[in-house]
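**Student:** Pasting target-v5.txt below, which is compact mmCIF, C-alpha atoms.
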# COMPACT_ATOMS: atom_id res chain seq x y z
CA MET A 1 49.45 73.34 233.12
CA SER A 2 48.38 74.89 229.85
CA ARG A 3 47.51 72.69 226.92
CA LEU A 4 50.02 72.30 224.12
CA LEU A 5 48.83 73.68 220.79
CA ASN A 6 48.75 71.24 217.91
CA VAL A 7 50.57 73.02 215.10
CA GLU A 8 50.43 70.10 212.67
CA GLU A 9 48.20 70.52 209.62
CA PRO A 10 45.17 68.22 209.71
CA ALA A 11 45.20 65.33 207.30
CA ALA A 12 43.04 65.77 204.23
CA ALA A 13 39.63 64.28 204.82
CA ALA A 14 38.84 61.26 202.70
CA PRO A 15 35.79 61.56 200.45
CA ALA A 16 32.68 60.45 202.30
CA GLY A 17 31.33 57.07 201.31
CA PRO A 18 27.73 56.13 200.50
CA SER A 19 25.37 56.82 203.37
CA MET A 20 21.75 55.77 203.85
CA ALA A 21 21.21 58.82 206.07
CA ALA A 22 22.47 61.10 203.30
CA PHE A 23 20.48 59.22 200.63
CA LEU A 24 17.24 59.74 202.59
CA ALA A 25 18.04 63.25 203.79
CA LEU A 26 15.97 65.09 201.17
CA GLY A 27 13.30 64.05 198.68
CA PHE A 28 15.27 64.81 195.53
CA ARG A 29 17.95 62.21 196.28
CA PRO A 30 15.92 58.96 196.00
CA LEU A 31 13.21 60.36 193.71
CA TYR A 32 15.62 61.79 191.13
CA ILE A 33 17.32 58.40 190.94
CA ALA A 34 13.99 56.53 190.85
CA GLY A 35 12.39 58.78 188.23
CA ALA A 36 15.40 58.92 185.90
CA SER A 37 16.01 55.15 186.19
CA TRP A 38 12.39 54.39 185.40
CA ALA A 39 12.48 56.78 182.44
CA VAL A 40 15.33 54.72 180.96
CA ILE A 41 13.74 51.33 181.74
CA SER A 42 10.21 52.20 180.66
CA MET A 43 11.34 53.77 177.38
CA ALA A 44 13.41 50.70 176.54
CA LEU A 45 10.43 48.45 177.30
CA TRP A 46 7.97 50.56 175.31
CA ILE A 47 10.09 50.86 172.16
CA PHE A 48 12.02 47.61 172.08
CA SER A 49 10.03 45.05 174.15
CA PRO A 50 6.34 46.10 174.28
CA GLN A 51 5.32 42.42 174.45
CA LEU A 52 6.48 42.40 178.08
CA LEU A 53 3.78 44.86 179.15
CA GLY A 54 0.94 43.19 181.02
CA GLU A 55 -2.78 43.96 180.95
CA PRO A 56 -4.94 45.90 181.75
CA LEU A 57 -2.54 48.88 181.59
CA THR A 58 -0.87 48.08 178.32
CA LEU A 59 0.68 49.55 175.17
CA VAL A 60 -0.11 53.27 174.63
CA ALA A 61 -1.98 53.55 177.94
CA TRP A 62 1.00 52.16 179.89
CA HIS A 63 3.50 54.35 178.03
CA ALA A 64 1.43 57.52 178.55
CA HIS A 65 0.80 56.77 182.22
CA GLU A 66 4.38 55.87 183.09
CA MET A 67 5.89 58.85 181.28
CA LEU A 68 3.59 61.35 182.98
CA TRP A 69 2.84 59.92 186.42
CA GLY A 70 5.75 57.50 186.72
CA PHE A 71 8.52 59.84 185.53
CA ILE A 72 7.64 63.51 185.04
CA ILE A 73 5.43 63.99 188.09
CA THR A 74 7.80 61.89 190.22
CA ILE A 75 10.66 64.28 189.42
CA ALA A 76 8.41 67.27 190.16
CA ILE A 77 7.47 65.84 193.58
CA GLY A 78 11.14 65.14 194.33
CA PHE A 79 11.92 68.76 193.53
CA LEU A 80 9.03 70.12 195.63
CA LEU A 81 9.91 67.96 198.64
CA THR A 82 13.37 69.55 198.49
CA ALA A 83 12.52 73.14 197.53
CA SER A 84 9.83 73.34 200.23
CA ALA A 85 12.55 72.81 202.85
CA THR A 86 14.26 75.93 201.52
CA TRP A 87 11.02 77.91 201.29
CA THR A 88 9.78 77.03 204.78
CA GLY A 89 12.88 76.07 206.79
CA PHE A 90 11.38 72.63 207.53
CA ASN A 91 12.24 69.35 205.79
CA PRO A 92 8.91 67.74 204.79
CA LEU A 93 10.17 64.15 204.50
CA HIS A 94 13.38 62.35 205.38
CA GLY A 95 14.55 59.05 206.76
CA LYS A 96 12.02 56.23 207.14
CA PRO A 97 8.93 58.23 206.02
CA LEU A 98 10.73 59.17 202.79
CA ALA A 99 11.80 55.54 202.34
CA LEU A 100 8.17 54.44 202.77
CA LEU A 101 7.05 56.94 200.13
CA CYS A 102 9.65 55.53 197.71
CA ILE A 103 8.54 51.96 198.45
CA LEU A 104 4.95 52.92 197.54
CA TRP A 105 6.25 54.36 194.28
CA CYS A 106 8.15 51.13 193.53
CA ILE A 107 5.09 48.98 194.27
CA ALA A 108 3.08 51.06 191.79
CA ARG A 109 5.67 50.67 189.03
CA ILE A 110 5.94 46.89 189.52
CA GLY A 111 2.18 46.40 189.78
CA PHE A 112 1.39 48.29 186.59
CA LEU A 113 4.18 46.49 184.71
CA VAL A 114 3.44 42.94 185.87
CA GLY A 115 -0.24 43.34 185.10
CA GLY A 116 -3.30 41.40 186.15
CA ILE A 117 -6.29 42.97 187.81
CA THR A 118 -4.96 42.30 191.32
CA GLY A 119 -1.60 43.87 190.51
CA PHE A 120 -3.40 46.79 188.87
CA TRP A 121 -5.44 47.60 192.00
CA ILE A 122 -2.45 47.15 194.33
CA ALA A 123 -0.45 49.52 192.13
CA THR A 124 -3.32 52.00 192.00
CA ALA A 125 -3.66 52.03 195.79
CA ALA A 126 0.11 52.44 196.26
CA GLU A 127 0.27 55.29 193.74
CA LEU A 128 -2.64 57.16 195.31
CA LEU A 129 -1.00 56.80 198.73
CA PHE A 130 2.20 58.17 197.18
CA PHE A 131 0.35 61.30 196.05
CA LEU A 132 -1.54 61.61 199.32
CA GLY A 133 1.62 61.24 201.41
CA SER A 134 3.46 63.81 199.28
CA ALA A 135 0.60 66.31 199.51
CA ILE A 136 0.28 65.89 203.30
CA ALA A 137 4.04 66.32 203.80
CA LEU A 138 4.08 69.46 201.65
CA GLY A 139 0.94 70.88 203.27
CA ARG A 140 2.33 70.33 206.78
CA VAL A 141 5.52 72.33 206.19
CA MET A 142 3.72 75.03 204.19
CA LEU A 143 1.43 75.63 207.17
CA LYS A 144 4.22 75.30 209.72
CA GLY A 145 6.45 77.72 207.82
CA ARG A 146 3.50 80.00 206.92
CA SER A 147 4.50 79.88 203.26
CA ARG A 148 1.20 81.33 202.05
CA ARG A 149 2.25 81.74 198.42
CA ASN A 150 2.76 77.96 198.25
CA TYR A 151 -0.47 76.82 199.90
CA GLY A 152 -1.84 75.75 196.53
CA LEU A 153 0.96 73.26 195.79
CA PRO A 154 -0.36 70.41 197.99
CA ILE A 155 -3.78 70.87 196.35
CA LEU A 156 -2.19 70.63 192.90
CA ILE A 157 -0.43 67.40 193.91
CA LEU A 158 -3.77 65.98 195.08
CA ALA A 159 -5.35 67.09 191.78
CA LEU A 160 -2.65 65.21 189.87
CA GLY A 161 -3.46 62.12 191.95
CA ILE A 162 -7.17 62.46 191.16
CA ALA A 163 -6.40 62.85 187.44
CA ASP A 164 -4.29 59.71 187.74
CA LEU A 165 -7.21 57.79 189.25
CA LEU A 166 -9.59 59.01 186.53
CA PHE A 167 -7.11 57.88 183.87
CA LEU A 168 -6.74 54.44 185.45
CA LEU A 169 -10.52 54.00 185.70
CA ALA A 170 -10.78 54.86 182.00
CA VAL A 171 -8.24 52.10 181.31
CA LEU A 172 -10.66 49.57 182.78
CA ASP A 173 -13.52 51.00 180.69
CA GLY A 174 -11.49 50.48 177.53
CA ASN A 175 -12.58 53.79 175.96
CA TYR A 176 -9.49 55.21 174.26
CA ILE A 177 -11.04 58.63 173.59
CA ILE A 178 -11.97 59.19 177.24
CA LEU A 179 -8.60 57.75 178.26
CA MET A 180 -6.69 60.41 176.31
CA GLU A 181 -8.99 63.20 177.46
CA ARG A 182 -8.20 62.25 181.06
CA PHE A 183 -4.53 62.03 180.21
CA ASP A 184 -4.82 65.62 178.99
CA LEU A 185 -6.19 66.59 182.41
CA GLY A 186 -3.03 65.24 184.00
CA LEU A 187 -0.92 66.95 181.35
CA ILE A 188 -2.55 70.34 181.98
CA GLY A 189 -2.33 69.85 185.75
CA MET A 190 1.39 69.12 185.47
CA ALA A 191 1.80 72.12 183.14
CA THR A 192 0.31 74.29 185.89
CA VAL A 193 2.86 72.94 188.37
CA ALA A 194 5.73 73.31 185.87
CA LEU A 195 4.81 76.91 185.07
CA LEU A 196 4.60 77.76 188.75
CA ILE A 197 8.00 76.23 189.53
CA ALA A 198 9.86 77.42 186.44
CA ARG A 199 8.56 80.99 186.61
CA ARG A 200 10.14 81.29 190.06
CA VAL A 201 13.37 79.33 189.81
CA VAL A 202 14.57 79.95 186.23
CA PRO A 203 14.98 83.74 186.64
CA PHE A 204 16.51 83.15 190.08
CA PHE A 205 19.06 80.72 188.64
CA ALA A 206 19.83 83.10 185.75
CA MET A 207 20.45 86.10 188.03
CA ARG A 208 22.71 84.03 190.28
CA MET A 209 24.82 82.74 187.39
CA VAL A 210 25.03 85.81 185.12
CA GLN A 211 26.72 88.75 186.78
CA GLY A 212 24.68 91.95 186.63
CA LEU A 213 21.60 90.31 185.11
CA LYS A 214 18.35 91.75 186.46
CA ILE A 215 15.01 90.10 185.67
CA PRO A 216 11.66 91.58 186.77
CA MET A 217 9.41 89.44 188.98
CA LEU A 218 6.44 89.67 186.55
CA MET A 219 3.97 89.05 189.36
CA LYS A 220 0.88 90.16 187.41
CA SER A 221 1.61 87.99 184.38
CA GLY A 222 2.40 85.08 186.70
CA GLN A 223 -0.94 85.45 188.45
CA ALA A 224 -2.75 85.63 185.10
CA GLN A 225 -0.84 82.55 183.95
CA MET A 226 -2.00 80.58 187.00
CA ILE A 227 -5.62 81.78 186.67
CA PHE A 228 -5.94 80.78 183.02
CA SER A 229 -4.16 77.43 183.46
CA ALA A 230 -6.50 76.66 186.39
CA LEU A 231 -9.49 77.72 184.25
CA ALA A 232 -8.36 75.33 181.51
CA LEU A 233 -8.11 72.54 184.07
CA ILE A 234 -11.59 73.28 185.47
CA ALA A 235 -13.05 73.35 181.95
CA GLY A 236 -11.42 70.00 181.24
CA VAL A 237 -12.97 68.48 184.37
CA LEU A 238 -16.39 69.83 183.35
CA VAL A 239 -15.93 68.29 179.90
CA GLN A 240 -15.54 64.90 181.60
CA ILE A 241 -18.54 65.44 183.88
CA THR A 242 -20.85 66.60 181.08
CA GLY A 243 -19.55 64.20 178.43
CA THR A 244 -18.95 67.03 175.94
CA PRO A 245 -17.35 65.61 172.74
CA MET A 246 -13.83 66.81 171.93
CA THR A 247 -12.81 64.49 169.09
CA PRO A 248 -11.66 66.11 165.81
CA GLY A 249 -14.64 66.81 163.58
CA SER A 250 -17.20 66.90 166.41
CA GLY A 251 -17.47 70.65 166.05
CA PRO A 252 -16.79 73.45 168.54
CA HIS A 253 -18.49 73.36 171.95
CA LEU A 254 -18.46 75.93 174.75
CA LEU A 255 -16.41 74.06 177.36
CA PRO A 256 -13.67 72.90 174.96
CA LEU A 257 -13.53 76.44 173.54
CA ILE A 258 -13.05 77.87 177.06
CA MET A 259 -10.37 75.25 177.66
CA ALA A 260 -8.65 76.07 174.35
CA ALA A 261 -8.78 79.86 174.88
CA SER A 262 -7.39 79.53 178.41
CA LEU A 263 -4.52 77.34 177.21
CA ALA A 264 -3.75 79.72 174.35
CA ILE A 265 -3.57 82.71 176.71
CA THR A 266 -1.40 80.72 179.14
CA GLY A 267 0.97 79.74 176.34
CA LEU A 268 1.23 83.30 175.02
CA ILE A 269 1.97 84.63 178.53
CA SER A 270 4.72 82.00 178.90
CA LEU A 271 6.37 83.02 175.63
CA GLY A 272 6.05 86.69 176.57
CA GLN A 273 7.77 86.09 179.89
CA LEU A 274 10.78 84.63 178.08
CA PHE A 275 11.35 87.98 176.39
CA TYR A 276 11.60 89.71 179.78
CA TRP A 277 13.99 86.99 181.01
CA LYS A 278 16.60 88.37 178.54
CA PRO A 279 17.45 85.13 176.72
CA LEU A 280 20.39 86.67 174.82
CA ALA A 281 22.18 87.18 178.14
CA ILE A 282 22.26 83.44 178.88
CA ILE A 283 22.74 82.02 175.38
CA ARG A 284 26.33 80.93 176.14
CA ASN A 285 25.42 79.17 179.40
CA PRO A 286 24.07 75.66 178.71
CA MET A 287 22.90 75.23 182.30
CA LEU A 288 20.51 78.13 181.69
CA TRP A 289 19.57 77.91 178.02
CA ILE A 290 18.32 74.35 178.51
CA LEU A 291 15.78 75.73 181.04
CA TYR A 292 14.79 78.61 178.76
CA LEU A 293 14.36 76.18 175.85
CA GLY A 294 12.12 73.85 177.87
CA TYR A 295 10.00 76.79 179.03
CA ALA A 296 9.64 78.00 175.42
CA PHE A 297 8.50 74.56 174.25
CA LEU A 298 6.01 74.44 177.10
CA GLY A 299 4.42 77.65 175.83
CA ILE A 300 4.40 76.36 172.23
CA GLY A 301 2.89 73.07 173.38
CA LEU A 302 0.06 74.87 175.17
CA LEU A 303 -0.72 76.74 171.93
CA ALA A 304 -0.77 73.42 170.05
CA ALA A 305 -3.14 71.99 172.68
CA ALA A 306 -5.41 75.01 172.26
CA TRP A 307 -5.45 74.35 168.50
CA GLN A 308 -6.33 70.70 169.13
CA PHE A 309 -9.10 71.30 171.69
CA SER A 310 -10.81 74.19 169.88
CA ASN A 311 -12.17 71.90 167.13
CA LEU A 312 -12.55 74.93 164.90
CA PHE A 313 -10.81 73.31 161.94
CA ASP A 314 -12.12 70.63 159.59
CA PRO A 315 -9.95 67.48 159.82
CA ALA A 316 -10.54 66.84 156.10
CA ILE A 317 -8.78 70.12 155.31
CA LEU A 318 -6.07 70.10 158.00
CA ASP A 319 -5.18 66.42 157.96
CA GLY A 320 -1.77 65.42 159.25
CA VAL A 321 0.56 66.22 162.09
CA LEU A 322 -1.05 69.52 163.15
CA ILE A 323 -4.25 67.89 164.42
CA ARG A 324 -2.76 64.70 165.81
CA THR A 325 -3.26 64.25 169.55
CA ALA A 326 0.36 63.16 169.83
CA THR A 327 1.58 66.58 168.64
CA HIS A 328 0.57 68.66 171.63
CA VAL A 329 1.29 65.75 174.00
CA HIS A 330 4.91 65.52 172.85
CA LEU A 331 5.41 69.27 172.60
CA ILE A 332 4.30 69.71 176.22
CA GLY A 333 5.37 66.38 177.69
CA LEU A 334 8.67 65.77 175.89
CA ALA A 335 9.90 69.07 174.51
CA GLY A 336 8.55 71.10 177.43
CA PHE A 337 8.69 68.98 180.58
CA CYS A 338 11.63 66.74 179.74
CA ILE A 339 14.00 69.43 178.49
CA LEU A 340 13.17 71.36 181.67
CA ILE A 341 13.70 68.19 183.69
CA ILE A 342 17.18 67.38 182.40
CA GLY A 343 18.20 70.95 183.20
CA MET A 344 16.58 70.92 186.64
CA LEU A 345 17.93 67.46 187.51
CA THR A 346 21.44 68.75 186.90
CA ARG A 347 21.21 72.30 188.28
CA THR A 348 19.36 71.49 191.51
CA ALA A 349 21.40 68.36 192.25
CA LEU A 350 24.70 70.22 191.85
CA GLY A 351 23.47 73.05 194.05
CA HIS A 352 21.98 70.96 196.85
CA LEU A 353 24.94 68.55 196.84
CA GLY A 354 27.50 71.32 197.28
CA HIS A 355 29.24 70.95 193.90
CA PRO A 356 30.33 73.78 191.59
CA LEU A 357 27.58 75.03 189.28
CA ALA A 358 29.31 73.97 186.08
CA LEU A 359 28.67 71.25 183.53
CA ASP A 360 31.31 68.67 182.73
CA ARG A 361 31.38 66.94 179.34
CA SER A 362 29.05 64.12 180.31
CA MET A 363 26.45 66.54 181.71
CA LEU A 364 26.59 68.71 178.60
CA ALA A 365 26.32 65.62 176.40
CA GLY A 366 23.22 64.60 178.36
CA HIS A 367 21.63 67.98 177.62
CA TRP A 368 22.32 67.73 173.89
CA LEU A 369 21.11 64.14 173.75
CA MET A 370 17.78 65.16 175.30
CA VAL A 371 17.43 67.95 172.72
CA ALA A 372 18.22 65.39 170.00
CA ALA A 373 15.59 63.02 171.41
CA VAL A 374 13.01 65.81 171.21
CA ILE A 375 13.90 66.75 167.62
CA LEU A 376 13.88 63.14 166.45
CA ARG A 377 10.59 62.31 168.20
CA LEU A 378 8.83 65.37 166.81
CA ALA A 379 10.16 64.55 163.35
CA ALA A 380 8.77 61.02 163.71
CA LEU A 381 5.26 62.47 164.13
CA TRP A 382 5.24 63.37 160.44
CA PRO A 383 4.02 60.27 158.56
CA SER A 384 6.84 58.95 156.39
CA SER A 385 8.85 55.82 155.71
CA ALA A 386 11.50 57.12 158.12
CA SER A 387 9.12 57.53 161.09
CA LEU A 388 9.94 54.21 162.76
CA HIS A 389 13.69 54.76 162.40
CA LEU A 390 13.38 58.27 163.82
CA LEU A 391 11.36 56.90 166.74
CA HIS A 392 14.06 54.33 167.55
CA LEU A 393 16.81 56.95 167.31
CA ALA A 394 14.82 59.24 169.62
CA ALA A 395 14.51 56.43 172.16
CA VAL A 396 18.26 55.73 172.02
CA ALA A 397 19.07 59.43 172.52
CA TRP A 398 16.62 59.56 175.46
CA ILE A 399 18.13 56.49 177.11
CA LEU A 400 21.68 57.80 176.66
CA SER A 401 20.74 61.23 178.03
CA LEU A 402 19.22 59.96 181.26
CA GLY A 403 21.69 57.09 181.47
CA LEU A 404 24.55 59.61 181.47
CA TYR A 405 22.78 61.55 184.20
CA LEU A 406 22.49 58.45 186.37
CA TRP A 407 26.10 57.44 185.72
CA ARG A 408 27.33 60.88 186.75
CA PHE A 409 24.98 61.74 189.60
CA VAL A 410 24.06 58.53 191.44
CA PRO A 411 27.48 58.47 193.20
CA MET A 412 26.78 62.04 194.38
CA LEU A 413 23.16 61.45 195.38
CA ILE A 414 24.01 58.57 197.72
CA ARG A 415 26.77 60.50 199.55
CA PRO A 416 26.77 63.49 201.94
CA ARG A 417 27.17 66.98 200.51
CA ALA A 418 30.60 67.56 199.01
CA ASP A 419 31.14 70.70 201.10
CA GLN A 420 30.29 69.05 204.43
CA PRO A 421 33.03 67.59 206.66
CA THR A 422 33.10 63.86 207.20
CA PRO A 423 31.10 62.59 210.21
CA ALA A 424 34.34 61.80 212.09
CA ALA A 425 35.36 65.46 212.06
CA THR A 426 32.17 66.84 213.66
CA PRO A 427 29.78 65.85 216.42
CA LYS A 428 27.03 63.57 215.19
CA LYS A 429 23.92 65.41 214.13
CA PRO A 430 21.08 64.02 211.99
CA ALA A 431 21.56 65.58 208.57
CA ALA A 432 17.99 64.75 207.67
CA SER A 433 16.63 67.18 210.23
CA GLN A 434 18.50 70.13 208.74
CA PRO A 435 16.59 72.29 206.28
CA ALA A 436 17.93 72.41 202.75
CA GLN A 437 20.22 75.26 201.95
CA ALA A 438 18.94 77.77 199.45
CA GLN A 439 20.35 76.84 196.09
What does this structure look like when you write it as structure tokens?
**Tutor:**
Amino acid sequence: MSRLLNVEEPAAAAPAGPSMAAFLALGFRPLYIAGASWAVISMALWIFSPQLLGEPLTLVAWHAHEMLWGFIITIAIGFLLTASATWTGFNPLHGKPLALLCILWCIARIGFLVGGITGFWIATAAELLFFLGSAIALGRVMLKGRSRRNYGLPILILALGIADLLFLLAVLDGNYIILMERFDLGLIGMATVALLIARRVVPFFAMRMVQGLKIPMLMKSGQAQMIFSALALIAGVLVQITGTPMTPGSGPHLLPLIMAASLAITGLISLGQLFYWKPLAIIRNPMLWILYLGYAFLGIGLLAAAWQFSNLFDPAILDGVLIRTATHVHLIGLAGFCILIIGMLTRTALGHLGHPLALDRSMLAGHWLMVAAVILRLAALWPSSASLHLLHLAAVAWILSLGLYLWRFVPMLIRPRADQPTPAATPKKPAASQPAQAQ
């Protein structure tokens, strides 16, 4: 007897609820939440309750470390653990191994905050294992998927971990000058990673979202960009090994000059690439112009760093904001990395979670608040009676920007993709084992 056909329309599937399997399916889900949450918490502590920071990693050292290694690099690793699944067809980390990596990250944040020498070393060990685990996971899928163009990424992640260790050892030595020089190593290393990622994905995103837009690959300029940024990083390492002075007024020296020239060329290449990316074609699309703006600031920040490291100018003549260490740090770290980050956090999360590639009001407000935080913080660098007020306003704008992101995206990040059927409608299959879709 033949089966009767069911002609009734299926009931509308209820929205999927929170799922631990979905939450740990890809690296961006827990690490975007962790990094953005810590950015809010750590900024509030640094600006409004610095007395809560414990030794030995305290005050400026804690703020610099947690912004770069605790927030910016965490977001970058979350992105790479997700993008590598698209590039290779293999998910580098999911489920319990990804949860373990996140636990190591949490131990590091708590240890550095609570303080004490024991907590410091526990946090250091956990953070180094976090970098090592991330690099191994990335290296494994790069080799398995034969993604030759990305073989250098695991090495860069290890280099960022080594720079982290050098910075933390300088904390124990108590030498502020060496501390900031080693921070600059981490900053340049992260700039190398950011340039590599952004040069690939920003034009790709633009061509997907703007009909008829064609952007050249710029392979030669990209290779030159990587060579000179790597040369700047090598020169910086040699500065540390040889003990070459880099403080303002110490005069020009060969290694810092090589470092400065390499950074200047890298920055100029970055700004030149923007011209070929046809910025006027995307000016009305906030999901794209935020990425272009961050990339532009990254190039400007590298030029400011070149100015700082060259030591060709007499501090007595050029006193003020132009030769302050904080200038290039905030141009690269805040205006460059963080504007890129708020754009990437939104664009990649929407794409990988199966939502329309469009900003709602809260997302757009988050973009503008991050831009406001950058403007206010850079303005606060200029010595004036308003500097402290500008600093506080910048912190509030920062907290609101990332707070809005968390409010809007955490419910998405802990649930299955919006375009996937509910588990009851399909046979059970571990979502974590599926490679990420190209977004």
**Student:** If we count all atoms listed in the file and set the cut-off at 8 Å, which residues sit around stretch 237-247 of chain A, ignoring sequence neighbours fewer than 6 positions away in its own chain? Please answer as a ChimeraX atom specification.
**Tutor:** /A:177,181-182,185,253,255-256,309,311
**Student:** Limited to C-alpha atoms, could you put the picked residues into a file as a CSV table (one decimal), in the coordinates of the input?
**Tutor:**
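Final output, again.csv:
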chain,number,residue,atom,x,y,z
A,177,ILE,CA,-11.0,58.6,173.6
A,181,GLU,CA,-9.0,63.2,177.5
A,182,ARG,CA,-8.2,62.2,181.1
A,185,LEU,CA,-6.2,66.6,182.4
A,253,HIS,CA,-18.5,73.4,172.0
A,255,LEU,CA,-16.4,74.1,177.4
A,256,PRO,CA,-13.7,72.9,175.0
A,309,PHE,CA,-9.1,71.3,171.7
A,311,ASN,CA,-12.2,71.9,167.1
**Student:** Counting all atoms listed in the file, note down every residue that has an atom within 10 Å of the point (18.6, 59.6, 171.9) (file coordinates), as a PyMOL selection string.
**Tutor:** chain A and resi 366+368-377+390-402
**Student:** How would the residues just chosen look if you wrote them out with C-alpha atoms as a PDB file, in the frame of the given file?
**Tutor:**
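This is the output file result.pdb:
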ATOM      1  CA  GLY A 366      23.220  64.600 178.360  1.00  0.00           C
ATOM      2  CA  TRP A 368      22.320  67.730 173.890  1.00  0.00           C
ATOM      3  CA  LEU A 369      21.110  64.140 173.750  1.00  0.00           C
ATOM      4  CA  MET A 370      17.780  65.160 175.300  1.00  0.00           C
ATOM      5  CA  VAL A 371      17.430  67.950 172.720  1.00  0.00           C
ATOM      6  CA  ALA A 372      18.220  65.390 170.000  1.00  0.00           C
ATOM      7  CA  ALA A 373      15.590  63.020 171.410  1.00  0.00           C
ATOM      8  CA  VAL A 374      13.010  65.810 171.210  1.00  0.00           C
ATOM      9  CA  ILE A 375      13.900  66.750 167.620  1.00  0.00           C
ATOM     10  CA  LEU A 376      13.880  63.140 166.450  1.00  0.00           C
ATOM     11  CA  ARG A 377      10.590  62.310 168.200  1.00  0.00           C
ATOM     12  CA  LEU A 390      13.380  58.270 163.820  1.00  0.00           C
ATOM     13  CA  LEU A 391      11.360  56.900 166.740  1.00  0.00           C
ATOM     14  CA  HIS A 392      14.060  54.330 167.550  1.00  0.00           C
ATOM     15  CA  LEU A 393      16.810  56.950 167.310  1.00  0.00           C
ATOM     16  CA  ALA A 394      14.820  59.240 169.620  1.00  0.00           C
ATOM     17  CA  ALA A 395      14.510  56.430 172.160  1.00  0.00           C
ATOM     18  CA  VAL A 396      18.260  55.730 172.020  1.00  0.00           C
ATOM     19  CA  ALA A 397      19.070  59.430 172.520  1.00  0.00           C
ATOM     20  CA  TRP A 398      16.620  59.560 175.460  1.00  0.00           C
ATOM     21  CA  ILE A 399      18.130  56.490 177.110  1.00  0.00           C
ATOM     22  CA  LEU A 400      21.680  57.800 176.660  1.00  0.00           C
ATOM     23  CA  SER A 401      20.740  61.230 178.030  1.00  0.00           C
ATOM     24  CA  LEU A 402      19.220  59.960 181.260  1.00  0.00           C
TER      25      LEU A 402
END
**Student:** Choose the residue, out of A:Leu57, A:Ala108, A:Ala137, A:Ala83, that has the smallest atom-to-atom separation from A:Arg200; count all atoms listed in the file.
**Tutor:**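 Smallest distance to A:Arg200 is found for A:Ala83.
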**Student:** Report the distance between atom CA of A:Leu80 and atom CA of A:Leu340 in Å, rounded to one decimal place.
**Tutor:**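 Atom CA of A:Leu80 sits 14.6 Å away from atom CA of A:Leu340.
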**Student:** Which value, in Å to one decimal, gives the distance between atom CA of A:Leu98 and atom CA of A:Arg417?
**Tutor:**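 Atom CA of A:Arg417 lies 18.3 Å from atom CA of A:Leu98.
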**Student:** Pick out the closest residue to A:Cys102 from this set: A:Ile136, A:Leu31, A:Leu68, A:Met142. Count all atoms listed in the file.
**Tutor:**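 Checking each of A:Ile136, A:Leu31, A:Leu68, A:Met142 against A:Cys102, counting all atoms listed in the file, the winner is A:Leu31.
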**Student:** Which is closer to A:Ile342 than all the others in A:Pro252, A:Ala22, A:Ala380, A:Gly403, using only C-alpha atoms?
**Tutor:**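 Among the listed residues, the smallest separation from A:Ile342 belongs to A:Gly403.
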**Student:** For A:Leu52, list every protein, DNA or RNA residue within 12 Å, evaluated using only C-alpha atoms, and leave out those in the same chain fewer than 2 positions away; present the list as a short mmCIF file (atom, residue, chain, number, x, y, z; two decimals) with C-alpha atoms, in the coordinates of the input.
**Tutor:**
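Saved file selection_14.cif follows:
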data_model
loop_
_atom_site.label_atom_id
_atom_site.label_comp_id
_atom_site.auth_asym_id
_atom_site.auth_seq_id
_atom_site.Cartn_x
_atom_site.Cartn_y
_atom_site.Cartn_z
CA SER A 42 10.21 52.20 180.66
CA ALA A 44 13.41 50.70 176.54
CA LEU A 45 10.43 48.45 177.30
CA TRP A 46 7.97 50.56 175.31
CA ILE A 47 10.09 50.86 172.16
CA PHE A 48 12.02 47.61 172.08
CA SER A 49 10.03 45.05 174.15
CA PRO A 50 6.34 46.10 174.28
CA GLY A 54 0.94 43.19 181.02
CA GLU A 55 -2.78 43.96 180.95
CA LEU A 57 -2.54 48.88 181.59
CA THR A 58 -0.87 48.08 178.32
CA LEU A 59 0.68 49.55 175.17
CA TRP A 62 1.00 52.16 179.89
CA PHE A 112 1.39 48.29 186.59
CA LEU A 113 4.18 46.49 184.71
CA VAL A 114 3.44 42.94 185.87
CA GLY A 115 -0.24 43.34 185.10
#
**Student:** Quick check, in Å to one decimal: how far apart do atom CA of A:Ser147 and atom CA of A:Gln420 lie?
**Tutor:** 28.0 Å
**Student:** Just checking: using all atoms listed in the file, which residue out of A:Gly111, A:Gly78, A:Gly145, A:Gly294 ends up closest to A:Phe131?
**Tutor:**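 Distance minimum relative to A:Phe131 lands on A:Gly78.
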**Student:** A:Phe71: which residues within 7 Å, counting all atoms listed in the file, same-chain residues fewer than 2 positions away excluded, as an MDAnalysis selection string?
**Tutor:** chainID A and resid 35:36 38:39 66:69 73:75
**Student:** Have a look at A:Phe167, A:Trp105, A:Phe204, A:Tyr405 and name the one nearest to A:Leu179; count all atoms listed in the file.
**Tutor:**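 Among A:Phe167, A:Trp105, A:Phe204, A:Tyr405, it is A:Phe167 that comes nearest to A:Leu179.
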**Student:** Using all atoms listed in the file - which residues lie no farther than 10 Å from the point (0.5, 66.9, 183.4) in the file's frame? Write them as a ChimeraX atom specification.
**Tutor:** /A:67-69,72-73,160,163-164,183-194,329,332-333,337
**Student:** Can you pull out every residue within 10 Å of A:Arg29, counting all atoms listed in the file, but drop anything in the same chain fewer than 5 positions away, and send it as a list in words?
**Tutor:**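 The residues that qualify are Ala22, Phe23, Leu24, Ala34, Gly78, Phe79, Thr82, Ala349, His352, Leu353, Phe409, Val410, Met412, Leu413, Ile414 and Arg415 of chain A.
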**Student:** Pick out the residues sitting within 6 Å of stretch 152-158 of chain A, and hand them over as a PyMOL selection string; count all atoms listed in the file, and ignore anything fewer than 5 positions along from it in its own chain.
**Tutor:** chain A and resi 135+138-139
